[in-house]
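structure-v7.cif follows; it contains mmCIF, C-alpha atoms.
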```
data_start
loop_
_atom_site.group_PDB
_atom_site.id
_atom_site.type_symbol
_atom_site.label_atom_id
_atom_site.label_comp_id
_atom_site.auth_asym_id
_atom_site.auth_seq_id
_atom_site.Cartn_x
_atom_site.Cartn_y
_atom_site.Cartn_z
ATOM 1 C CA MET A 4 -96.260 -44.867 -70.003
ATOM 2 C CA PRO A 5 -99.779 -45.701 -71.206
ATOM 3 C CA GLU A 6 -100.852 -44.091 -74.461
ATOM 4 C CA ASN A 7 -103.483 -42.037 -72.601
ATOM 5 C CA PRO A 8 -102.078 -41.062 -69.185
ATOM 6 C CA THR A 9 -104.467 -40.521 -66.282
ATOM 7 C CA LEU A 10 -104.220 -37.259 -64.325
ATOM 8 C CA LEU A 11 -106.006 -36.152 -61.168
ATOM 9 C CA ILE A 12 -106.092 -32.422 -60.426
ATOM 10 C CA ALA A 13 -106.725 -31.795 -56.727
ATOM 11 C CA GLY A 14 -108.176 -28.315 -56.380
ATOM 12 C CA CYS A 15 -109.262 -27.984 -60.007
ATOM 13 C CA GLY A 16 -110.038 -24.270 -60.207
ATOM 14 C CA ASP A 17 -109.140 -21.798 -62.942
ATOM 15 C CA ILE A 18 -105.513 -22.808 -63.509
ATOM 16 C CA GLY A 19 -106.223 -26.498 -63.018
ATOM 17 C CA SER A 20 -109.089 -26.382 -65.504
ATOM 18 C CA ARG A 21 -106.967 -24.586 -68.097
ATOM 19 C CA MET A 22 -104.244 -27.202 -67.676
ATOM 20 C CA GLY A 23 -106.733 -30.073 -67.756
ATOM 21 C CA LEU A 24 -108.272 -28.796 -70.978
ATOM 22 C CA ARG A 25 -104.878 -28.725 -72.669
ATOM 23 C CA LEU A 26 -104.067 -32.282 -71.664
ATOM 24 C CA SER A 27 -107.522 -33.692 -72.405
ATOM 25 C CA GLN A 28 -107.067 -32.368 -75.938
ATOM 26 C CA LEU A 29 -103.994 -34.612 -76.083
ATOM 27 C CA SER A 30 -106.167 -37.586 -75.087
ATOM 28 C CA TRP A 31 -105.169 -37.618 -71.422
ATOM 29 C CA ARG A 32 -107.852 -38.878 -69.015
ATOM 30 C CA VAL A 33 -108.287 -35.968 -66.605
ATOM 31 C CA HIS A 34 -110.145 -36.024 -63.284
ATOM 32 C CA GLY A 35 -110.904 -32.700 -61.567
ATOM 33 C CA LEU A 36 -111.442 -32.712 -57.791
ATOM 34 C CA ARG A 37 -113.274 -29.743 -56.291
ATOM 35 C CA ARG A 38 -116.230 -29.127 -53.999
ATOM 36 C CA PHE A 39 -118.494 -27.772 -56.732
ATOM 37 C CA VAL A 40 -117.958 -29.493 -60.069
ATOM 38 C CA ALA A 41 -120.770 -27.961 -62.156
ATOM 39 C CA ASN A 42 -118.452 -25.450 -63.832
ATOM 40 C CA LEU A 43 -115.751 -27.905 -64.832
ATOM 41 C CA PRO A 44 -115.089 -28.138 -68.581
ATOM 42 C CA GLY A 45 -116.892 -31.059 -70.159
ATOM 43 C CA THR A 46 -113.702 -32.927 -71.024
ATOM 44 C CA ILE A 47 -112.606 -33.067 -67.357
ATOM 45 C CA ARG A 48 -114.191 -35.885 -65.356
ATOM 46 C CA PRO A 49 -115.838 -34.382 -62.262
ATOM 47 C CA LEU A 50 -114.778 -35.634 -58.843
ATOM 48 C CA PRO A 51 -116.763 -33.942 -56.059
ATOM 49 C CA GLY A 52 -114.609 -33.729 -52.955
ATOM 50 C CA ASP A 53 -113.416 -31.502 -50.135
ATOM 51 C CA LEU A 54 -109.693 -31.140 -49.514
ATOM 52 C CA PHE A 55 -110.488 -29.932 -45.981
ATOM 53 C CA ASP A 56 -112.187 -33.266 -45.131
ATOM 54 C CA SER A 57 -109.932 -36.158 -44.159
ATOM 55 C CA ARG A 58 -112.440 -38.641 -45.613
ATOM 56 C CA CYS A 59 -111.590 -39.765 -49.139
ATOM 57 C CA PRO A 60 -114.123 -38.625 -51.758
ATOM 58 C CA PRO A 61 -116.421 -41.557 -52.665
ATOM 59 C CA GLY A 62 -115.722 -41.127 -56.385
ATOM 60 C CA TRP A 63 -111.928 -41.298 -56.065
ATOM 61 C CA PRO A 64 -110.649 -43.320 -59.063
ATOM 62 C CA THR A 65 -109.618 -46.813 -58.052
ATOM 63 C CA ALA A 66 -107.495 -47.466 -61.137
ATOM 64 C CA ALA A 67 -103.853 -46.435 -61.317
ATOM 65 C CA LEU A 68 -103.095 -42.711 -61.503
ATOM 66 C CA ASP A 69 -100.169 -41.675 -63.660
ATOM 67 C CA TYR A 70 -100.004 -38.084 -62.387
ATOM 68 C CA LEU A 71 -101.467 -35.886 -59.677
ATOM 69 C CA VAL A 72 -101.326 -32.093 -59.533
ATOM 70 C CA TYR A 73 -102.149 -30.311 -56.272
ATOM 71 C CA CYS A 74 -103.444 -26.951 -57.455
ATOM 72 C CA ALA A 75 -105.584 -25.643 -54.595
ATOM 73 C CA ALA A 76 -106.128 -21.974 -53.771
ATOM 74 C CA ALA A 77 -106.591 -20.735 -50.221
ATOM 75 C CA THR A 78 -110.174 -19.802 -49.376
ATOM 76 C CA GLY A 79 -109.067 -17.069 -46.950
ATOM 77 C CA HIS A 80 -106.144 -14.784 -46.244
ATOM 78 C CA ASP A 81 -105.381 -15.812 -42.664
ATOM 79 C CA GLU A 82 -102.931 -18.368 -41.338
ATOM 80 C CA SER A 83 -105.541 -21.014 -40.558
ATOM 81 C CA ALA A 84 -106.894 -20.898 -44.126
ATOM 82 C CA TYR A 85 -103.406 -21.302 -45.580
ATOM 83 C CA ARG A 86 -102.591 -24.233 -43.296
ATOM 84 C CA ALA A 87 -105.886 -25.952 -44.050
ATOM 85 C CA THR A 88 -105.451 -25.512 -47.816
ATOM 86 C CA TYR A 89 -101.790 -26.208 -48.413
ATOM 87 C CA VAL A 90 -100.580 -28.403 -45.554
ATOM 88 C CA ASP A 91 -103.644 -30.247 -44.280
ATOM 89 C CA GLY A 92 -105.227 -30.601 -47.717
ATOM 90 C CA LEU A 93 -102.052 -32.010 -49.219
ATOM 91 C CA ASN A 94 -101.751 -34.416 -46.275
ATOM 92 C CA HIS A 95 -105.251 -35.649 -47.008
ATOM 93 C CA VAL A 96 -104.478 -36.243 -50.690
ATOM 94 C CA LEU A 97 -101.292 -38.144 -49.855
ATOM 95 C CA SER A 98 -103.271 -40.338 -47.450
ATOM 96 C CA TRP A 99 -105.906 -41.011 -50.135
ATOM 97 C CA LEU A 100 -103.181 -42.147 -52.530
ATOM 98 C CA ALA A 101 -101.843 -44.487 -49.836
ATOM 99 C CA LEU A 102 -105.370 -45.753 -49.100
ATOM 100 C CA HIS A 103 -105.718 -46.880 -52.716
ATOM 101 C CA GLY A 104 -102.150 -48.101 -53.080
ATOM 102 C CA GLN A 105 -101.544 -45.596 -55.867
ATOM 103 C CA ARG A 106 -98.041 -44.521 -56.864
ATOM 104 C CA PRO A 107 -98.248 -41.851 -59.570
ATOM 105 C CA ARG A 108 -95.288 -41.390 -61.837
ATOM 106 C CA ARG A 109 -94.970 -37.809 -60.521
ATOM 107 C CA LEU A 110 -96.789 -35.320 -58.311
ATOM 108 C CA LEU A 111 -96.764 -31.565 -58.909
ATOM 109 C CA PHE A 112 -97.472 -29.002 -56.207
ATOM 110 C CA VAL A 113 -98.408 -25.462 -57.250
ATOM 111 C CA SER A 114 -96.631 -23.069 -54.892
ATOM 112 C CA SER A 115 -95.688 -19.393 -55.098
ATOM 113 C CA THR A 116 -92.647 -17.161 -55.536
ATOM 114 C CA GLY A 117 -93.853 -15.665 -52.258
ATOM 115 C CA VAL A 118 -91.594 -18.210 -50.525
ATOM 116 C CA TYR A 119 -88.696 -15.845 -51.291
ATOM 117 C CA GLY A 120 -88.066 -12.955 -48.948
ATOM 118 C CA GLN A 121 -85.678 -10.949 -51.130
ATOM 119 C CA CYS A 122 -86.755 -7.305 -51.327
ATOM 120 C CA ASP A 123 -83.923 -5.295 -52.930
ATOM 121 C CA GLY A 124 -84.436 -6.236 -56.573
ATOM 122 C CA GLU A 125 -82.175 -9.295 -56.417
ATOM 123 C CA TRP A 126 -82.331 -11.980 -59.095
ATOM 124 C CA VAL A 127 -83.897 -15.164 -57.753
ATOM 125 C CA ASP A 128 -83.870 -18.714 -59.099
ATOM 126 C CA GLU A 129 -84.745 -22.182 -57.803
ATOM 127 C CA ASP A 130 -81.534 -22.360 -55.755
ATOM 128 C CA SER A 131 -81.928 -18.987 -54.036
ATOM 129 C CA PRO A 132 -82.521 -18.908 -50.265
ATOM 130 C CA THR A 133 -86.162 -19.110 -49.204
ATOM 131 C CA LEU A 134 -86.651 -16.860 -46.195
ATOM 132 C CA PRO A 135 -90.246 -15.619 -46.333
ATOM 133 C CA SER A 136 -91.248 -12.953 -43.844
ATOM 134 C CA GLY A 137 -94.933 -13.907 -43.625
ATOM 135 C CA PHE A 138 -96.966 -16.956 -42.658
ATOM 136 C CA SER A 139 -98.127 -17.589 -46.239
ATOM 137 C CA GLY A 140 -94.614 -18.218 -47.527
ATOM 138 C CA ARG A 141 -93.680 -20.287 -44.491
ATOM 139 C CA LEU A 142 -96.716 -22.529 -44.843
ATOM 140 C CA LEU A 143 -96.134 -22.992 -48.569
ATOM 141 C CA LEU A 144 -92.571 -24.061 -47.796
ATOM 142 C CA GLU A 145 -93.914 -26.501 -45.199
ATOM 143 C CA ALA A 146 -96.237 -27.979 -47.822
ATOM 144 C CA GLU A 147 -93.425 -28.152 -50.388
ATOM 145 C CA ARG A 148 -91.274 -30.093 -47.937
ATOM 146 C CA LEU A 149 -94.183 -32.395 -47.090
ATOM 147 C CA LEU A 150 -94.514 -33.276 -50.766
ATOM 148 C CA LEU A 151 -90.809 -33.643 -51.499
ATOM 149 C CA ASP A 152 -90.376 -35.884 -48.435
ATOM 150 C CA SER A 153 -93.445 -37.999 -49.240
ATOM 151 C CA GLY A 154 -91.545 -40.721 -51.084
ATOM 152 C CA HIS A 155 -93.300 -39.900 -54.354
ATOM 153 C CA PRO A 156 -91.398 -38.453 -57.329
ATOM 154 C CA ALA A 157 -92.393 -34.810 -57.095
ATOM 155 C CA SER A 158 -91.796 -31.289 -58.370
ATOM 156 C CA VAL A 159 -92.775 -27.921 -56.938
ATOM 157 C CA ILE A 160 -93.879 -25.147 -59.308
ATOM 158 C CA ARG A 161 -93.536 -21.654 -57.822
ATOM 159 C CA LEU A 162 -95.811 -19.330 -59.769
ATOM 160 C CA ALA A 163 -95.502 -15.547 -59.708
ATOM 161 C CA GLY A 164 -98.482 -13.164 -59.674
ATOM 162 C CA ILE A 165 -101.106 -14.619 -61.993
ATOM 163 C CA TYR A 166 -103.162 -12.293 -64.183
ATOM 164 C CA GLY A 167 -105.575 -12.848 -67.034
ATOM 165 C CA PRO A 168 -109.325 -13.281 -67.546
ATOM 166 C CA GLY A 169 -111.042 -12.843 -64.189
ATOM 167 C CA ARG A 170 -107.793 -11.588 -62.624
ATOM 168 C CA GLN A 171 -107.862 -7.901 -63.474
ATOM 169 C CA TRP A 172 -107.084 -6.236 -60.135
ATOM 170 C CA LEU A 173 -104.241 -4.121 -61.499
ATOM 171 C CA LEU A 174 -106.273 -2.928 -64.479
ATOM 172 C CA SER A 175 -109.041 -1.870 -62.114
ATOM 173 C CA GLN A 176 -106.609 -0.040 -59.832
ATOM 174 C CA VAL A 177 -104.963 1.811 -62.725
ATOM 175 C CA ARG A 178 -108.359 3.011 -63.950
ATOM 176 C CA GLN A 179 -108.909 4.455 -60.453
ATOM 177 C CA GLY A 180 -105.678 6.479 -60.561
ATOM 178 C CA TYR A 181 -103.288 3.956 -58.986
ATOM 179 C CA ARG A 182 -99.653 5.073 -59.154
ATOM 180 C CA VAL A 183 -96.332 3.717 -57.932
ATOM 181 C CA ALA A 184 -93.278 5.655 -56.770
ATOM 182 C CA GLU A 185 -90.335 5.285 -59.151
ATOM 183 C CA GLU A 186 -87.675 5.188 -56.431
ATOM 184 C CA PRO A 187 -86.808 2.708 -55.168
ATOM 185 C CA ALA A 188 -87.841 0.525 -58.107
ATOM 186 C CA LEU A 189 -90.255 -2.197 -56.998
ATOM 187 C CA TYR A 190 -89.607 -5.186 -59.243
ATOM 188 C CA GLY A 191 -92.563 -7.488 -59.738
ATOM 189 C CA ASN A 192 -92.955 -10.889 -61.367
ATOM 190 C CA ARG A 193 -96.006 -12.164 -63.155
ATOM 191 C CA ILE A 194 -97.358 -14.877 -65.401
ATOM 192 C CA HIS A 195 -100.484 -14.976 -67.545
ATOM 193 C CA ALA A 196 -103.013 -17.612 -66.464
ATOM 194 C CA ASP A 197 -102.679 -19.399 -69.805
ATOM 195 C CA ASP A 198 -98.906 -19.577 -69.383
ATOM 196 C CA ALA A 199 -99.218 -20.851 -65.807
ATOM 197 C CA ALA A 200 -101.470 -23.663 -67.011
ATOM 198 C CA GLY A 201 -99.261 -24.195 -70.054
ATOM 199 C CA LEU A 202 -96.152 -24.641 -67.918
ATOM 200 C CA LEU A 203 -97.837 -27.278 -65.755
ATOM 201 C CA ALA A 204 -99.072 -29.147 -68.825
ATOM 202 C CA PHE A 205 -95.645 -28.855 -70.446
ATOM 203 C CA LEU A 206 -93.903 -30.369 -67.421
ATOM 204 C CA LEU A 207 -96.320 -33.285 -67.234
ATOM 205 C CA ALA A 208 -95.957 -33.989 -70.950
ATOM 206 C CA ALA A 209 -92.163 -33.792 -70.658
ATOM 207 C CA ASP A 210 -92.181 -36.321 -67.830
ATOM 208 C CA ALA A 211 -94.499 -38.582 -69.816
ATOM 209 C CA ARG A 212 -91.949 -38.489 -72.662
ATOM 210 C CA GLY A 213 -89.292 -39.702 -70.254
ATOM 211 C CA GLU A 214 -87.481 -36.417 -69.678
ATOM 212 C CA THR A 215 -85.936 -35.867 -66.268
ATOM 213 C CA LEU A 216 -87.614 -33.142 -64.224
ATOM 214 C CA ALA A 217 -86.038 -31.115 -61.444
ATOM 215 C CA ASP A 218 -87.689 -30.859 -58.043
ATOM 216 C CA CYS A 219 -88.496 -27.153 -58.484
ATOM 217 C CA TYR A 220 -89.351 -24.693 -61.265
ATOM 218 C CA LEU A 221 -90.212 -21.002 -61.256
ATOM 219 C CA GLY A 222 -93.279 -20.088 -63.287
ATOM 220 C CA VAL A 223 -92.742 -16.507 -64.456
ATOM 221 C CA ASP A 224 -92.591 -14.639 -67.747
ATOM 222 C CA ASP A 225 -89.355 -13.459 -69.369
ATOM 223 C CA GLU A 226 -89.332 -9.918 -68.050
ATOM 224 C CA PRO A 227 -89.477 -8.931 -64.386
ATOM 225 C CA ALA A 228 -90.336 -5.240 -64.476
ATOM 226 C CA PRO A 229 -90.543 -2.315 -62.066
ATOM 227 C CA LEU A 230 -94.148 -1.861 -61.009
ATOM 228 C CA HIS A 231 -94.106 1.838 -61.882
ATOM 229 C CA GLU A 232 -93.168 0.908 -65.460
ATOM 230 C CA VAL A 233 -96.058 -1.553 -65.743
ATOM 231 C CA VAL A 234 -98.515 0.939 -64.260
ATOM 232 C CA GLY A 235 -97.222 3.737 -66.506
ATOM 233 C CA TRP A 236 -97.634 1.569 -69.596
ATOM 234 C CA LEU A 237 -101.158 0.618 -68.560
ATOM 235 C CA ARG A 238 -102.099 4.243 -67.843
ATOM 236 C CA GLN A 239 -100.947 5.239 -71.310
ATOM 237 C CA ARG A 240 -102.569 2.257 -72.998
ATOM 238 C CA LEU A 241 -105.890 2.884 -71.214
ATOM 239 C CA GLY A 242 -105.744 6.650 -71.603
ATOM 240 C CA VAL A 243 -105.937 7.229 -67.841
ATOM 241 C CA THR A 244 -105.127 10.781 -66.738
ATOM 242 C CA LEU A 245 -106.589 10.608 -63.229
ATOM 243 C CA GLN A 246 -103.902 10.849 -60.518
ATOM 244 C CA VAL A 247 -104.894 10.072 -56.949
ATOM 245 C CA GLU A 248 -102.173 11.116 -54.508
ATOM 246 C CA GLU A 249 -103.191 8.731 -51.745
ATOM 247 C CA ASN A 250 -102.978 5.783 -54.155
ATOM 248 C CA ILE A 251 -99.213 6.086 -54.550
ATOM 249 C CA VAL A 252 -97.444 2.872 -53.516
ATOM 250 C CA ARG A 253 -93.967 3.534 -52.147
ATOM 251 C CA ARG A 254 -92.521 0.291 -50.805
ATOM 252 C CA SER A 255 -93.194 -3.430 -51.114
ATOM 253 C CA ALA A 256 -91.384 -6.676 -51.924
ATOM 254 C CA SER A 257 -88.967 -6.409 -54.822
ATOM 255 C CA LYS A 258 -87.181 -9.263 -56.577
ATOM 256 C CA ARG A 259 -86.547 -10.517 -60.098
ATOM 257 C CA CYS A 260 -87.393 -14.162 -60.736
ATOM 258 C CA SER A 261 -85.713 -16.150 -63.512
ATOM 259 C CA ASN A 262 -87.481 -18.761 -65.659
ATOM 260 C CA ALA A 263 -84.180 -20.049 -67.099
ATOM 261 C CA ARG A 264 -84.648 -23.584 -65.754
ATOM 262 C CA ALA A 265 -88.053 -24.038 -67.373
ATOM 263 C CA ARG A 266 -86.807 -22.478 -70.607
ATOM 264 C CA ALA A 267 -83.816 -24.835 -70.646
ATOM 265 C CA LEU A 268 -86.291 -27.721 -70.691
ATOM 266 C CA GLY A 269 -87.964 -26.216 -73.770
ATOM 267 C CA TRP A 270 -90.840 -24.216 -72.318
ATOM 268 C CA SER A 271 -91.526 -20.674 -73.488
ATOM 269 C CA PRO A 272 -94.345 -18.342 -72.442
ATOM 270 C CA LEU A 273 -97.023 -17.311 -74.900
ATOM 271 C CA TYR A 274 -96.935 -13.875 -73.252
ATOM 272 C CA PRO A 275 -93.226 -13.128 -72.651
ATOM 273 C CA SER A 276 -93.852 -9.828 -70.870
ATOM 274 C CA TYR A 277 -96.642 -7.812 -69.268
ATOM 275 C CA ARG A 278 -97.094 -5.885 -72.528
ATOM 276 C CA GLU A 279 -98.261 -8.857 -74.598
ATOM 277 C CA GLY A 280 -100.312 -10.272 -71.752
ATOM 278 C CA TYR A 281 -102.142 -7.091 -70.813
ATOM 279 C CA GLU A 282 -102.615 -6.139 -74.469
ATOM 280 C CA ALA A 283 -104.461 -9.413 -75.007
ATOM 281 C CA LEU A 284 -106.475 -8.929 -71.816
ATOM 282 C CA ILE A 285 -107.466 -5.374 -72.732
ATOM 283 C CA ALA A 286 -108.439 -6.467 -76.242
ATOM 284 C CA ALA A 287 -110.593 -9.267 -74.836
ATOM 285 C CA THR A 288 -112.353 -7.169 -72.202
ATOM 286 C CA GLY A 289 -112.658 -3.892 -74.092
#
```

Here is a file; write its structure as structure tokens.
Amino acid sequence: MPENPTLLIAGCGDIGSRMGLRLSQLSWRVHGLRRFVANLPGTIRPLPGDLFDSRCPPGWPTAALDYLVYCAAATGHDESAYRATYVDGLNHVLSWLALHGQRPRRLLFVSSTGVYGQCDGEWVDEDSPTLPSGFSGRLLLEAERLLLDSGHPASVIRLAGIYGPGRQWLLSQVRQGYRVAEEPALYGNRIHADDAAGLLAFLLAADARGETLADCYLGVDDEPAPLHEVVGWLRQRLGVTLQVEENIVRRSASKRCSNARARALGWSPLYPSYREGYEALIAATG
């Protein structure tokens, strides 16, 4: 490996930028591809480009790339938006690598624990069956397979619900009286944005050190928790007494995701549970 590995982040939004910042501080050369590059951190080299366009961005680096992370986020919530973002966009990036004869040491694809269809509180790991009930999970699985069958060394990172700065939906809902039925328990999985970025950076650094990576990792904190417990803790912490009957959630997906594989490699989350993560978020936002 070169002393200063080169990384290209395709779809360099919030998580990609957080990851890129971490690695640029370790003297990695980081390129960030996105349509609007003005808000990229100064240490990430801007690469204006559109993942929806089959034409390779004019500024695509011609030198060798050591790593590529596909970290795009769908621009809509319908099936066509998911296909365009995760399947077609990834196809475009793979073709651009081939166009330049580039063979990165490893590619990472940021996926979601939504590829699992378990809904009765089961424990889930990387080897659990993936039987999603909706189009989003099915299309993410299609993209995962596209990457893993591409001929490039690759790993898929399935992130749980991301929260953190700019991702405060649950806090907002709790302030409005949001409640969750206690029975049946609806287990949820989450990861702070800094830990999501930290896991990606950790995996790249581990590969650069010569450690063997698996083809899949779950990106979650240490403590899957029933949603009513999380909401109850937030209500108490925020001093919310408002109770809106029609806001009661009674049934949704329910599973418990394990981060044991990532932990076995040496990774540990900065925010091991929702308590530490939301405490930091509340302290930062007031």

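Matched in the shown structure by the PyMOL selection byres ((chain A and resi 269-271) around 10): Asp198, Gly201, Leu202, Phe205, Leu206, Ala209, Asp224, Asp225, Asn262, Ala263, Arg264, Ala265, Arg266, Ala267, Leu268, Pro272, Leu273, Tyr274 and Pro275 of chain A.
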
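With all atoms listed in the file as the basis for measurement, A:Ala76 is the residue among A:Ala76, A:Leu110, A:Ala200, A:Leu173 that approaches Val90 (chain A) most closely.
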
(message) Let me make sure I understand: among A:Thr65, A:Ser20, A:Ser131, A:Gln28, which one has the smallest atom-to-atom distance to Cys260 (chain A) if we use all atoms listed in the file?
(response) A:Ser131

(request) Determine the residue membership of the PyMOL selection byres ((chain A and resi 147) around 10) for the file above and supply it as an NGL selection string. (result) :A and (89-90 or 93 or 111-114 or 141-146 or 148-153 or 157-161 or 218-219)

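Residue nearest Asp123 (chain A), chosen from A:Pro49, A:Gly280, A:Pro187, A:Pro60 and counting only C-alpha atoms: A:Pro187.
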
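Here CA of Pro107 (chain A) is placed at a distance of 6.8 Å from CA of Leu71 (chain A).
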
(request) For CA of Asp81 (chain A) and CA of Asp56 (chain A), determine how far apart the two atoms are, in Å to one decimal place. (result) 18.9 Å

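Distances here use only C-alpha atoms; by that measure, the residue among A:Leu237, A:Val40, A:Ala163, A:Leu97 closest to Gly117 (chain A) is A:Ala163.
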
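Picked by the PyMOL selection byres ((chain A and resi 196) around 6) from the coordinates shown: Ile165, Tyr166, Gly167, His195, Asp197, Asp198 and Ala199 of chain A.
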
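In this structure, CA of Asn7 (chain A) sits 22.7 Å away from CA of Pro51 (chain A).
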
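The residue that comes closest to Cys122 (chain A), out of A:Gly169, A:Gly191, A:Tyr220, A:Gly35 and on the basis of only C-alpha atoms, is A:Gly191.
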
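With all atoms listed in the file as the atoms that count, the residue of A:Leu50, A:Val223, A:Leu245, A:Val177 with the shortest distance to Cys15 (chain A) is A:Leu50.
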